[in-house]
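Shown below: final.cif, with mmCIF, C-alpha atoms and all ligand atoms.
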```cif
data_input
loop_
_atom_site.label_atom_id
_atom_site.label_comp_id
_atom_site.auth_asym_id
_atom_site.auth_seq_id
_atom_site.Cartn_x
_atom_site.Cartn_y
_atom_site.Cartn_z
CA MET A 18 0.00 0.00 0.00
CA LYS A 19 1.30 3.46 -0.84
CA THR A 20 1.55 5.97 1.99
CA GLU A 21 2.81 9.50 2.40
CA PRO A 22 4.34 10.56 5.72
CA LEU A 23 2.66 13.19 7.88
CA ILE A 24 4.19 15.53 10.44
CA MET A 25 2.16 17.07 13.23
CA ILE A 26 2.57 20.37 15.09
CA CYS A 27 1.29 20.00 18.65
CA CYS A 28 0.66 21.87 21.83
CA CYS A 29 -0.22 20.53 25.27
CA ASP A 30 -3.46 22.07 26.49
CA PHE A 31 -4.78 23.10 29.93
CA SER A 32 -5.78 19.50 30.62
CA GLY A 33 -2.49 18.01 29.52
CA GLN A 34 -3.91 16.71 26.25
CA VAL A 35 -1.60 16.91 23.26
CA LYS A 36 -3.38 18.42 20.28
CA GLY A 37 -2.47 19.84 16.91
CA LYS A 38 -2.63 19.40 13.16
CA ALA A 39 -0.67 17.36 10.65
CA PHE A 40 0.53 18.10 7.12
CA PRO A 41 2.49 16.23 4.41
CA ALA A 42 6.14 15.92 5.42
CA ALA A 43 7.20 17.47 2.12
CA ASP A 44 5.74 20.79 3.30
CA LEU A 45 7.80 20.94 6.51
CA ALA A 46 9.97 23.94 5.55
CA GLY A 47 7.00 26.23 5.08
CA HIS A 48 5.26 25.09 8.26
CA LEU A 49 8.43 25.50 10.31
CA GLU A 50 8.27 29.16 9.42
CA ARG A 51 4.59 29.99 9.61
CA GLY A 52 3.13 27.15 11.66
CA ILE A 53 -0.45 26.07 11.17
CA GLY A 54 -3.78 27.70 11.97
CA TRP A 55 -5.19 27.43 15.50
CA VAL A 56 -8.33 28.74 17.21
CA PRO A 57 -8.74 30.47 20.63
CA THR A 58 -11.76 28.35 21.59
CA ASN A 59 -9.59 25.21 21.24
CA ALA A 60 -8.27 26.12 24.69
CA GLN A 61 -11.76 25.51 26.07
CA ILE A 62 -12.14 21.97 24.81
CA THR A 63 -12.03 20.03 28.06
CA THR A 64 -10.44 16.68 28.59
CA PHE A 65 -13.87 15.15 27.88
CA ASN A 66 -14.05 16.92 24.52
CA ALA A 67 -16.93 19.14 25.60
CA ILE A 68 -16.44 22.86 25.03
CA ALA A 69 -16.45 24.80 28.29
CA GLU A 70 -17.75 28.36 28.38
CA THR A 71 -15.67 30.39 25.94
CA PRO A 72 -15.35 34.15 25.68
CA PHE A 73 -14.15 33.75 22.08
CA GLY A 74 -16.96 31.73 20.55
CA ALA A 75 -16.28 31.21 16.87
CA LEU A 76 -14.10 34.30 16.66
CA GLY A 77 -10.39 34.79 16.29
CA ASP A 78 -7.34 33.14 14.79
CA LEU A 79 -4.03 31.99 16.19
CA MET A 80 -1.00 30.16 14.85
CA LEU A 81 0.58 27.03 16.25
CA VAL A 82 4.27 27.43 15.40
CA PRO A 83 6.68 24.48 15.85
CA ASP A 84 9.88 24.79 17.85
CA PRO A 85 12.66 23.07 15.88
CA GLY A 86 14.25 22.30 19.26
CA ALA A 87 11.21 20.31 20.38
CA GLU A 88 10.98 17.69 17.66
CA LEU A 89 10.00 14.10 18.33
CA ARG A 90 10.62 11.18 16.00
CA LEU A 91 9.26 7.87 17.14
CA ASP A 92 10.59 4.86 15.30
CA PHE A 93 9.79 1.45 16.77
CA GLY A 94 11.94 -0.28 14.18
CA ASP A 95 8.90 -2.01 12.71
CA ASP A 96 6.90 -1.24 9.61
CA GLY A 97 5.61 1.99 11.05
CA PRO A 98 3.95 4.35 10.65
CA PHE A 99 6.55 6.49 12.33
CA GLU A 100 5.40 9.34 14.48
CA HIS A 101 7.01 12.67 13.76
CA TRP A 102 5.85 15.77 15.58
CA PHE A 103 6.92 19.06 17.05
CA LEU A 104 5.82 20.88 20.14
CA GLY A 105 5.21 24.51 19.48
CA ASP A 106 3.93 27.84 20.71
CA ILE A 107 0.53 29.38 20.19
CA LEU A 108 1.09 32.81 18.70
CA GLN A 109 -1.23 35.66 17.79
CA MET A 110 -1.46 36.59 14.11
CA ASP A 111 1.17 39.33 14.65
CA ALA A 112 3.54 36.57 15.85
CA THR A 113 3.54 37.72 19.49
CA PRO A 114 2.91 35.07 22.20
CA TRP A 115 -0.72 34.37 23.09
CA ALA A 116 -1.35 35.09 26.79
CA CYS A 117 -2.96 31.64 27.19
CA CYS A 118 -0.19 29.56 25.56
CA PRO A 119 1.01 27.21 28.33
CA ARG A 120 4.49 26.96 26.84
CA ALA A 121 4.85 30.74 26.64
CA ILE A 122 3.58 31.01 30.23
CA LEU A 123 6.37 28.70 31.41
CA ARG A 124 9.00 30.45 29.30
CA ALA A 125 8.02 33.81 30.80
CA ALA A 126 8.24 32.43 34.34
CA LEU A 127 11.71 30.99 33.68
CA ASP A 128 12.88 34.21 32.02
CA ASP A 129 11.72 36.28 34.99
CA LEU A 130 13.43 33.92 37.42
CA LYS A 131 16.67 34.21 35.49
CA ALA A 132 16.47 37.97 35.02
CA GLU A 133 15.78 38.64 38.69
CA THR A 134 17.94 36.01 40.39
CA GLY A 135 20.35 34.64 37.77
CA LEU A 136 18.93 31.20 38.54
CA GLN A 137 17.69 28.41 36.32
CA VAL A 138 15.59 25.39 37.23
CA ARG A 139 16.63 21.82 36.50
CA ALA A 140 13.66 19.47 36.52
CA ALA A 141 12.64 15.87 35.96
CA PHE A 142 9.11 14.49 35.90
CA GLU A 143 8.77 11.08 37.59
CA MET A 144 5.79 9.28 36.09
CA GLU A 145 3.51 6.58 37.45
CA MET A 146 0.98 4.81 35.25
CA GLN A 147 -1.15 1.68 35.22
CA PHE A 148 -1.95 -0.86 32.54
CA VAL A 149 -5.68 -1.04 32.09
CA ASP A 150 -5.52 -4.38 30.32
CA ASP A 151 -3.76 -5.77 33.32
CA SER A 152 -2.92 -9.42 33.16
CA GLU A 153 -0.76 -9.30 36.25
CA THR A 154 -2.81 -8.16 39.20
CA ARG A 155 -2.00 -10.62 41.93
CA PHE A 156 -1.29 -9.15 45.33
CA GLY A 157 2.32 -9.07 46.34
CA SER A 158 3.75 -8.30 42.95
CA GLY A 159 4.68 -4.69 43.79
CA TYR A 160 8.38 -4.19 42.98
CA SER A 161 8.61 -7.90 42.15
CA LEU A 162 10.55 -9.64 39.47
CA THR A 163 7.32 -11.36 38.46
CA GLY A 164 5.70 -7.98 37.96
CA PHE A 165 8.70 -6.67 36.07
CA ARG A 166 8.76 -9.75 33.86
CA ALA A 167 5.09 -9.30 32.99
CA ARG A 168 5.91 -5.99 31.31
CA GLN A 169 9.58 -6.41 30.51
CA ALA A 170 8.90 -6.40 26.77
CA TYR A 171 6.93 -3.20 27.18
CA GLY A 172 9.66 -1.64 29.32
CA GLU A 173 12.41 -2.49 26.87
CA THR A 174 10.39 -1.19 23.93
CA LEU A 175 9.73 1.99 25.90
CA MET A 176 13.42 2.47 26.73
CA ALA A 177 14.39 2.11 23.07
CA ALA A 178 11.63 4.47 21.94
CA LEU A 179 12.60 7.11 24.52
CA ARG A 180 16.27 6.87 23.65
CA GLY A 181 15.53 6.97 19.94
CA ALA A 182 13.57 10.14 20.57
CA GLY A 183 16.54 11.64 22.42
CA LEU A 184 14.98 11.47 25.89
CA GLU A 185 17.64 9.57 27.90
CA PRO A 186 15.66 6.99 29.91
CA GLU A 187 16.83 6.36 33.49
CA SER A 188 14.50 3.81 35.09
CA PHE A 189 11.53 1.51 34.65
CA LEU A 190 10.05 -0.28 37.64
CA ARG A 191 7.08 -2.24 38.82
CA GLU A 192 5.34 0.06 41.29
CA TRP A 193 3.21 -1.11 44.16
CA GLY A 194 -0.36 -0.92 42.78
CA PRO A 195 -2.02 -3.47 40.48
CA GLY A 196 -0.49 -3.16 37.02
CA GLN A 197 1.34 -0.01 38.12
CA TYR A 198 4.71 1.01 36.72
CA GLU A 199 6.97 4.02 37.02
CA PHE A 200 9.57 5.41 34.65
CA THR A 201 11.94 8.35 34.58
CA ILE A 202 14.19 10.16 32.18
CA ARG A 203 17.17 12.46 32.75
CA SER A 204 16.52 15.92 34.12
CA GLN A 205 16.84 18.98 31.89
CA ILE A 206 17.18 22.69 32.45
CA GLY A 207 14.17 24.93 31.94
CA LEU A 208 11.54 24.62 29.23
CA GLN A 209 13.08 21.45 27.82
CA ALA A 210 12.21 19.56 31.01
CA ALA A 211 8.50 20.25 30.45
CA ASP A 212 8.77 19.47 26.73
CA HIS A 213 10.29 16.12 27.66
CA ALA A 214 7.50 15.46 30.17
CA VAL A 215 4.89 15.94 27.45
CA MET A 216 6.90 13.70 25.14
CA MET A 217 7.59 10.90 27.62
CA ARG A 218 3.89 10.46 28.42
CA GLU A 219 3.09 10.26 24.72
CA VAL A 220 5.94 7.83 24.04
CA ALA A 221 4.62 5.61 26.85
CA ARG A 222 1.11 5.70 25.35
CA ALA A 223 2.40 5.11 21.83
CA THR A 224 4.54 2.18 22.98
CA ALA A 225 1.53 0.59 24.63
CA ALA A 226 -0.59 1.11 21.53
CA ARG A 227 2.11 -0.42 19.33
CA LEU A 228 2.09 -3.53 21.52
CA GLY A 229 -1.70 -3.74 21.64
CA GLN A 230 -1.77 -2.61 25.29
CA ARG A 231 -3.01 0.50 27.03
CA VAL A 232 -1.62 2.53 29.91
CA THR A 233 -3.41 5.22 31.83
CA PHE A 234 -1.91 8.08 33.81
CA THR A 235 -5.20 8.85 35.57
CA PRO A 236 -4.52 10.09 39.11
CA VAL A 237 -6.61 7.27 40.64
CA LEU A 238 -7.73 4.34 38.51
CA ASP A 239 -9.98 2.49 40.98
CA ALA A 240 -11.89 4.10 43.81
CA GLY A 241 -9.95 3.23 46.93
CA GLY A 242 -7.03 1.96 44.85
CA VAL A 243 -3.52 3.29 44.65
CA GLY A 244 -2.81 6.68 43.04
CA ASN A 245 -0.74 7.42 39.98
CA GLY A 246 1.41 10.33 40.99
CA MET A 247 3.79 12.58 39.19
CA HIS A 248 6.65 13.80 41.32
CA LEU A 249 8.28 16.88 39.90
CA HIS A 250 11.95 16.94 40.91
CA MET A 251 13.55 20.36 40.89
CA SER A 252 16.83 21.96 41.76
CA LEU A 253 18.19 25.46 41.26
CA ALA A 254 21.18 26.04 39.03
CA ASP A 255 23.37 29.05 38.40
CA ALA A 256 23.93 30.58 34.95
CA GLN A 257 26.55 27.91 34.20
CA GLY A 258 24.12 25.14 35.12
CA ARG A 259 25.81 24.29 38.43
CA ASN A 260 23.46 23.07 41.15
CA VAL A 261 23.21 25.68 43.95
CA SER A 262 20.54 23.90 46.01
CA HIS A 263 22.77 22.36 48.69
CA ASP A 264 24.20 23.75 51.90
CA PRO A 265 25.24 21.23 54.56
CA ALA A 266 24.34 23.75 57.26
CA GLY A 267 20.83 24.51 55.91
CA PRO A 268 17.66 22.79 57.16
CA GLY A 269 17.40 19.47 55.34
CA GLY A 270 20.66 20.33 53.55
CA LEU A 271 19.02 23.03 51.44
CA SER A 272 20.82 26.25 50.56
CA ASP A 273 19.14 29.53 51.51
CA ARG A 274 18.12 30.08 47.90
CA ALA A 275 16.63 26.61 47.47
CA GLY A 276 14.93 27.01 50.86
CA ALA A 277 13.38 30.33 49.85
CA PHE A 278 12.21 28.80 46.58
CA VAL A 279 10.63 25.86 48.42
CA ALA A 280 9.08 28.21 51.00
CA GLY A 281 7.44 30.17 48.16
CA ILE A 282 6.07 26.96 46.66
CA LEU A 283 4.63 25.82 49.98
CA HIS A 284 3.20 29.24 50.76
CA HIS A 285 1.31 29.36 47.46
CA LEU A 286 0.58 25.66 47.08
CA PRO A 287 -3.09 25.77 48.19
CA SER A 288 -3.80 28.22 45.34
CA ILE A 289 -1.65 26.58 42.68
CA THR A 290 -2.79 23.01 43.30
CA ALA A 291 -5.37 24.03 40.70
CA PHE A 292 -2.48 23.77 38.21
CA THR A 293 -0.42 20.93 39.70
CA ALA A 294 -3.32 18.52 40.38
CA PRO A 295 -6.01 19.90 38.13
CA SER A 296 -8.71 17.28 37.61
CA VAL A 297 -11.73 16.26 39.66
CA ILE A 298 -10.14 12.86 40.26
CA SER A 299 -6.85 14.46 41.44
CA TYR A 300 -8.46 15.03 44.82
CA ALA A 301 -9.12 11.34 45.36
CA ARG A 302 -5.33 11.08 45.54
CA LEU A 303 -4.36 14.06 47.70
CA ILE A 304 -5.49 12.45 50.96
CA PRO A 305 -3.61 10.82 53.85
CA ASN A 306 -2.10 7.35 53.64
CA ARG A 307 -1.66 7.40 49.89
CA TRP A 308 1.98 8.47 49.77
CA SER A 309 0.95 11.63 47.97
CA ALA A 310 0.48 14.99 49.79
CA TYR A 311 -2.18 16.77 51.79
CA TYR A 312 -0.50 19.53 53.86
CA ASN A 313 1.73 22.25 52.46
CA ASN A 314 4.71 20.82 54.31
CA LEU A 315 8.36 20.22 53.56
CA GLY A 316 9.33 16.69 54.51
CA TYR A 317 12.72 15.19 55.03
CA ARG A 318 12.63 11.72 53.49
CA ASP A 319 8.86 11.69 53.89
CA ARG A 320 6.77 10.33 51.03
CA GLU A 321 3.64 12.08 52.24
CA ALA A 322 5.06 15.59 52.12
CA SER A 323 4.05 18.11 49.47
CA VAL A 324 7.73 18.85 48.97
CA ARG A 325 10.19 16.13 49.84
CA ILE A 326 13.93 16.54 50.05
CA CYS A 327 15.25 13.52 48.21
CA PRO A 328 18.01 11.37 49.64
CA ILE A 329 21.36 11.14 47.89
CA ALA A 330 23.31 7.97 48.39
CA ASP A 331 26.79 9.30 47.73
CA ALA A 332 27.86 12.13 50.04
CA ASP A 333 30.31 13.38 47.38
CA ASP A 334 27.33 14.07 45.15
CA PHE A 335 25.33 16.28 47.52
CA ALA A 336 26.36 19.51 45.87
CA ALA A 337 25.61 18.28 42.37
CA LYS A 338 22.49 16.23 43.03
CA THR A 339 20.48 17.89 45.81
CA ASN A 340 16.90 18.18 44.64
CA PHE A 341 13.43 18.43 46.08
CA GLU A 342 10.35 16.79 44.65
CA ILE A 343 6.87 18.27 44.54
CA ARG A 344 4.46 15.40 45.15
CA ALA A 345 1.17 17.31 44.95
CA CYS A 346 1.29 16.83 41.18
CA ASP A 347 -0.28 14.39 38.77
CA ASN A 348 -0.48 13.63 35.10
CA SER A 349 -3.86 15.19 34.39
CA ALA A 350 -1.97 18.48 34.10
CA SER A 351 -0.08 20.45 31.54
CA PRO A 352 3.59 20.09 32.55
CA TYR A 353 4.08 23.70 31.39
CA LEU A 354 1.45 25.06 33.74
CA GLN A 355 2.59 22.88 36.63
CA MET A 356 6.15 24.05 36.30
CA ALA A 357 5.22 27.68 35.57
CA ALA A 358 3.08 27.95 38.71
CA LEU A 359 5.80 26.33 40.84
CA VAL A 360 8.52 28.57 39.39
CA ARG A 361 6.40 31.69 39.95
CA ALA A 362 5.72 30.63 43.54
CA GLY A 363 9.40 29.84 44.11
CA LEU A 364 10.42 33.19 42.64
CA ASP A 365 8.10 34.92 45.09
CA GLY A 366 9.85 33.07 47.93
CA LEU A 367 13.23 34.27 46.60
CA ARG A 368 12.02 37.86 46.18
CA LYS A 369 10.78 37.93 49.75
CA GLY A 370 13.80 36.10 51.12
CA MET A 371 11.54 33.52 52.77
CA ALA A 372 13.24 31.25 55.29
CA THR A 373 13.56 27.53 54.62
CA PRO A 374 10.55 25.86 56.27
CA GLU A 375 11.39 23.53 59.12
CA PRO A 376 11.12 20.02 57.62
CA THR A 377 8.49 17.80 59.26
CA HIS A 378 9.65 14.36 60.33
CA GLU A 379 6.50 12.54 61.33
CA ASN A 380 3.17 11.24 60.09
CA LEU A 381 0.90 14.27 59.89
CA SER A 382 -2.31 12.37 59.18
CA ALA A 383 -3.13 12.32 62.89
CA LEU A 384 -3.16 16.13 63.13
CA ASP A 385 -6.48 17.88 63.54
CA GLU A 386 -7.09 21.33 62.10
CA ALA A 387 -5.98 23.16 65.23
CA GLY A 388 -2.82 21.10 65.45
CA ALA A 389 -2.00 21.82 61.83
CA GLN A 390 -2.66 25.51 62.28
CA ALA A 391 -0.41 25.64 65.32
CA ARG A 392 2.40 24.35 63.14
CA GLY A 393 1.66 26.82 60.36
CA LEU A 394 0.47 24.07 58.01
CA ARG A 395 -2.42 24.41 55.62
CA ARG A 396 -4.43 21.53 54.23
CA LEU A 397 -4.29 21.37 50.45
CA PRO A 398 -7.67 21.73 48.72
CA THR A 399 -9.85 18.66 49.01
CA SER A 400 -11.68 19.11 45.71
CA LEU A 401 -11.02 20.71 42.35
CA GLU A 402 -13.83 23.12 43.08
CA GLN A 403 -12.07 24.29 46.23
CA ALA A 404 -8.72 24.51 44.45
CA LEU A 405 -10.26 26.70 41.74
CA ASP A 406 -11.93 28.91 44.35
CA HIS A 407 -8.55 29.43 46.05
CA LEU A 408 -6.98 30.36 42.73
CA ASP A 409 -9.89 32.60 41.79
CA ALA A 410 -9.61 34.56 45.05
CA ASP A 411 -5.81 34.86 45.09
CA ALA A 412 -4.90 38.28 43.66
CA GLN A 413 -1.19 37.62 43.94
CA VAL A 414 -1.24 34.36 42.00
CA ARG A 415 -3.49 36.00 39.43
CA SER A 416 -0.93 38.80 39.02
CA TRP A 417 1.69 36.31 37.80
CA PHE A 418 -0.23 35.74 34.58
CA ASP A 419 -1.48 38.00 31.78
CA ALA A 420 -5.21 38.29 31.16
CA PRO A 421 -7.27 36.44 30.19
CA PHE A 422 -5.34 33.31 31.16
CA VAL A 423 -6.55 32.69 34.74
CA ASP A 424 -10.18 33.44 33.93
CA LEU A 425 -10.04 31.23 30.86
CA TYR A 426 -8.44 28.43 32.86
CA LEU A 427 -11.13 28.71 35.56
CA LEU A 428 -13.89 28.50 32.94
CA HIS A 429 -12.23 25.48 31.36
CA LYS A 430 -11.84 23.63 34.64
CA ARG A 431 -15.32 24.54 35.90
CA GLY A 432 -16.62 23.16 32.60
CA GLU A 433 -14.82 19.91 33.38
CA ILE A 434 -16.45 19.79 36.82
CA ALA A 435 -19.88 20.36 35.29
CA HIS A 436 -19.30 17.55 32.81
CA VAL A 437 -18.75 14.93 35.51
CA ALA A 438 -21.06 16.41 38.16
CA ASP A 439 -23.75 13.75 37.79
CA MET A 440 -21.46 10.74 37.54
CA ASP A 441 -21.26 8.24 40.36
CA GLU A 442 -17.85 7.27 41.71
CA ALA A 443 -17.33 4.31 39.38
CA ALA A 444 -18.32 6.28 36.30
CA LEU A 445 -16.04 9.16 37.32
CA HIS A 446 -13.02 6.89 37.71
CA ALA A 447 -13.78 5.16 34.42
CA ALA A 448 -14.15 8.48 32.60
CA TYR A 449 -10.75 9.75 33.75
CA ALA A 450 -9.09 6.41 33.10
CA GLN A 451 -10.29 6.65 29.53
CA VAL A 452 -9.02 10.16 28.77
CA TYR A 453 -5.64 9.87 30.52
N1 LIG B 1 1.71 6.35 44.13
C1 LIG B 1 2.14 7.41 44.98
C2 LIG B 1 1.54 8.74 44.49
O1 LIG B 1 0.38 8.75 44.19
C3 LIG B 1 3.65 7.55 45.09
C4 LIG B 1 4.39 6.32 45.55
C5 LIG B 1 5.89 6.57 45.57
O2 LIG B 1 6.39 7.16 46.56
O3 LIG B 1 6.53 6.31 44.57
O4 LIG B 1 2.18 9.75 44.40
MG MG B 2 6.65 5.90 42.62
#
```

Is it possible to express this structure as structure tokens?
Amino acid sequence: MKTEPLIMICCCDFSGQVKGKAFPAADLAGHLERGIGWVPTNAQITTFNAIAETPFGALGDLMLVPDPGAELRLDFGDDGPFEHWFLGDILQMDATPWACCPRAILRAALDDLKAETGLQVRAAFEMEMQFVDDSETRFGSGYSLTGFRARQAYGETLMAALRGAGLEPESFLREWGPGQYEFTIRSQIGLQAADHAVMMREVARATAARLGQRVTFTPVLDAGGVGNGMHLHMSLADAQGRNVSHDPAGPGGLSDRAGAFVAGILHHLPSITAFTAPSVISYARLIPNRWSAYYNNLGYRDREASVRICPIADADDFAAKTNFEIRACDNSASPYLQMAALVRAGLDGLRKGMATPEPTHENLSALDEAGAQARGLRRLPTSLEQALDHLDADAQVRSWFDAPFVDLYLLHKRGEIAHVADMDEAALHAAYAQVY
């Protein structure tokens, strides 16, 4: 059969869905320059494909312009077809950034951080997912060789696909939950880290599809079951890319600058959870005893802290490898918006010279509200509705973004809530499992 290759220009929308348009590969040169047409109301298509309230209606035009530095070629070494796509920016017709382009929003946050502090962010997105066609669900297979073996062929295909796409895979492991696996790739500085997060999720999905399997990144697959988290590892780097996050004398081994950055994140976390854990189902995960996060605390080696200082095995590596992971994140989000909100919050901590929070060392699930308050801890939102209300009412967080982004985002996410409002628990979990 005769075929002609297609190339797609993509963006990652408010709900973390990768969308775009394809064209014949022979026309690449022209599209690299002028992109492809895009529509403002596309931003309001929710994860369930319903269109949330839109201030644009049928009006307006935008351009989706590929970034030659964010190209993905996916070759499984079989008969194809081979995926070839670019991530790009959503521009206005005069070629200036659109205020609601998630990638531009992250770039602006990183630029401001660098301009004001000279600092860059190195980041890696640690992904958990579950096979929905699970053939290996017996209890006791968490971390097991049996569990690994069940998906070894998948894992090895994934590693080759990631490496072929230039993404430097680092790990693949059988996680604890039924059919649950985790994988990581090497950290990158700045925007590229978020580009790679978008790509690695898609490579994982494409690998599954190629093998006749399906993975889901939904934050919680089964009611009461284990969560699929995303832990966003970050460290601060100087202009030369050297890690400046460590100070042996600082609380938890964090430098003053890293501590201020983390303090800013924790201070603003209740309002930016709307970006880091942005679906209705996200809030089935952010509860105690799930190894996720529920207070805005810094934890030292604590897997239920919103921000966890990660251990480093080799003491010689402290300076180079110190990093903290933000656990109140999941894969129903746009990596650009997650990282942008965290960078903006961290920058605020740096501007104000916030002190490194005292790391908590114990199980906080026993705390009541008064106890938490006494320790200066705030509970993270317990529903998407509440998270959006916090964001809506937070003038400072709003001021980090150009209009109409926050209002548009709120409309989008409230549209998502409305879509699932009448579903029972089982239907809700099934709906999210299908779209992520
Ligand atoms: N599955 C947990 C989560 O929802 C994380 C488990 C772990 O520490 O890797 O974030
Ligand atoms: Mg894990």

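Across the model, the gap from CA of Thr235 (chain A) to CA of Leu315 (chain A) is 25.2 Å.
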
Exercise answer, 10 Å around ligand LIG 1 (chain B) with only C-alpha atoms and all ligand atoms, as a PyMOL selection string: chain A and resi 143-146+192-194+197-199+236-237+242-248+299+301-304+306-310+319-321+323+343-347

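With all atoms listed in the file taken into account, every residue lying no more than 6 Å from the file point (0.1, 28.8, 12.5) is included here: Arg51, Gly52, Ile53, Gly54, Met80, Leu81 and Val82 of chain A.
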
Exercise: region 254-258 of chain A partners within 8 Å, only C-alpha atoms, chain neighbours under 4 positions left out, as number ranges by chain: A: 135-139, 206, 262

Top pick for closest residue to Asp128 (chain A), considering A:Ala294, A:Ala43, A:Leu364, A:Ala141 and counting all atoms listed in the file: A:Leu364

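Closest to ligand MG 2 (chain B) among A:His48, A:Thr63, A:Glu173, A:Arg191 is A:Arg191, based on all atoms listed in the file.
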
Contacts of region 284-287 of chain A within 8 Å, only C-alpha atoms, excl. fewer than 4 positions in-chain, as a list in words: Ala280, Asn313, Ala362, Arg395, Arg396, Leu397, Pro398, Ala404, His407 and Val414 of chain A

Separation of CA of Gly267 (chain A) from CA of Ser382 (chain A), in Å and rounded to one decimal: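 Calculated distance between CA of Gly267 (chain A) and CA of Ser382 (chain A) is 26.3 Å.
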
Selection near Asp409 (chain A), 12 Å with all atoms listed in the file, sequence-local residues under 5 positions removed, as a list in words: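 Once the nearby chain positions are removed, what remains is Pro287, Ser288, Ile289, Ala291, Leu401, Glu402, Gln403, Ala404, Val414, Arg415, Ser416, Phe422, Val423, Asp424, Leu425, Tyr426, Leu427, Leu428, Lys430 and Arg431 of chain A.
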
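Remark: for ligand MG 2 (chain B), the closest of the candidate residues A:Thr113, A:Thr64, A:Ser32, A:Ser188 is A:Ser188 (distances computed over only C-alpha atoms and all ligand atoms).
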
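Restricting the calculation to only C-alpha atoms and all ligand atoms, the smallest distance between ligand MG 2 (chain B) and any of A:Asp84, A:Glu342, A:Asp411, A:Asp385 is found for A:Glu342.
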
CA of Ala226 (chain A) to CA of Pro352 (chain A), distance in Å rounded to a single decimal: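 Here the two named atoms are 22.3 Å from each other.
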
Point (-1.4, -1.0, 28.0) neighbourhood (7 Å, all atoms listed in the file) written as a list in words: Phe148, Val149, Asp150, Ala225, Ala226, Gly229, Gln230, Arg231 and Val232 of chain A

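Using all atoms listed in the file, the residues found no farther than 6 Å from Ala336 (chain A), other than those of its own chain fewer than 2 positions away, are His263, Asp334 and Lys338 of chain A.
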